[in-house]
Amino acid sequence: MEVLTEITNNVLVITLNRPEAGNALNGALSEGLSNALNDAAENPEVRAIVITGAGEKV
């Protein structure tokens with residue numbers, strides 16, 4: 001799975017999980033991110049969104 005999501009204390013954390021490519025966007029990752037953001041827009045539990053990437057930071 002290229003996009004991971006977790007809600008904690010009304011904060012949705014979206015993790016781009018494609019570290020082998022530096023979390024560069026491709027079709028699947030873009031679609032997953034779009035879906036996660038659309039789901040968040042419809043979820044009244046979500047008050048804030050953090051987008052992060054998996055793997056080593058460069």
# chains A, B, ... in the order shown; residues from 1 in each chain; ligands from 1
>>> select_by_dssp(residues="chain A", states="alpha helix (DSSP H)", output="PyMOL selection string")
chain A and resi 27-41
>>> write_last_selection(atoms="N, CA and C atoms", output="short mmCIF file (atom, residue, chain, number, x, y, z; two decimals), in the first residue's frame")
data_model
loop_
_atom_site.label_atom_id
_atom_site.label_comp_id
_atom_site.auth_asym_id
_atom_site.auth_seq_id
_atom_site.Cartn_x
_atom_site.Cartn_y
_atom_site.Cartn_z
N GLY A 27 1.31 7.62 -10.49
CA GLY A 27 -0.15 7.54 -10.63
C GLY A 27 -0.83 6.95 -9.41
N ALA A 28 -0.31 5.82 -8.92
CA ALA A 28 -0.93 5.14 -7.78
C ALA A 28 -0.84 5.98 -6.51
N LEU A 29 0.31 6.61 -6.29
CA LEU A 29 0.49 7.42 -5.09
C LEU A 29 -0.40 8.66 -5.14
N SER A 30 -0.49 9.28 -6.31
CA SER A 30 -1.38 10.45 -6.47
C SER A 30 -2.83 10.08 -6.22
N GLU A 31 -3.24 8.95 -6.76
CA GLU A 31 -4.62 8.50 -6.56
C GLU A 31 -4.89 8.19 -5.09
N GLY A 32 -3.96 7.52 -4.43
CA GLY A 32 -4.12 7.21 -3.02
C GLY A 32 -4.19 8.45 -2.16
N LEU A 33 -3.35 9.43 -2.46
CA LEU A 33 -3.36 10.69 -1.71
C LEU A 33 -4.67 11.42 -1.93
N SER A 34 -5.13 11.47 -3.16
CA SER A 34 -6.40 12.11 -3.47
C SER A 34 -7.55 11.44 -2.74
N ASN A 35 -7.57 10.12 -2.74
CA ASN A 35 -8.62 9.38 -2.03
C ASN A 35 -8.59 9.65 -0.53
N ALA A 36 -7.39 9.68 0.05
CA ALA A 36 -7.26 9.94 1.49
C ALA A 36 -7.77 11.33 1.83
N LEU A 37 -7.45 12.32 1.00
CA LEU A 37 -7.91 13.69 1.26
C LEU A 37 -9.41 13.82 1.07
N ASN A 38 -9.97 13.14 0.08
CA ASN A 38 -11.42 13.16 -0.12
C ASN A 38 -12.14 12.50 1.06
N ASP A 39 -11.60 11.37 1.54
CA ASP A 39 -12.19 10.71 2.71
C ASP A 39 -12.14 11.63 3.93
N ALA A 40 -11.03 12.34 4.10
CA ALA A 40 -10.88 13.25 5.24
C ALA A 40 -11.89 14.39 5.16
N ALA A 41 -12.15 14.88 3.97
CA ALA A 41 -13.10 15.98 3.79
C ALA A 41 -14.51 15.59 4.21
#
>>> select_by_dssp(residues="chain A", states="strand (DSSP E or B)", output="number ranges by chain")
A: 3-8, 11-16, 48-53
>>> residues_around(residues="stretch 15-22 of chain A", least_positions_apart="3", cutoff="9 Å", atoms="only C-alpha atoms", output="list in words")
Met1, Glu2, Val3, Leu4, Thr5, Glu6, Leu25, Leu29, Gly32, Leu33, Val50, Ile51, Thr52, Gly53, Ala54, Gly55, Glu56, Lys57 and Val58 of chain A
>>> residues_around(residues="stretch 42-48 of chain A", least_positions_apart="5", cutoff="10 Å", atoms="only C-alpha atoms", output="MDAnalysis selection string")
chainID A and resid 7:13 37
>>> write_last_selection(atoms="C-alpha atoms", output="compact mmCIF listing (two decimals), in the first residue's frame")
# COMPACT_ATOMS: atom_id res chain seq x y z
CA ILE A 7 -6.39 9.23 12.87
CA THR A 8 -5.26 10.13 16.39
CA ASN A 9 -6.86 12.89 18.48
CA ASN A 10 -8.73 14.26 15.44
CA VAL A 11 -5.49 14.53 13.44
CA LEU A 12 -5.23 12.52 10.24
CA VAL A 13 -1.66 11.50 9.45
CA LEU A 37 -7.91 13.69 1.26
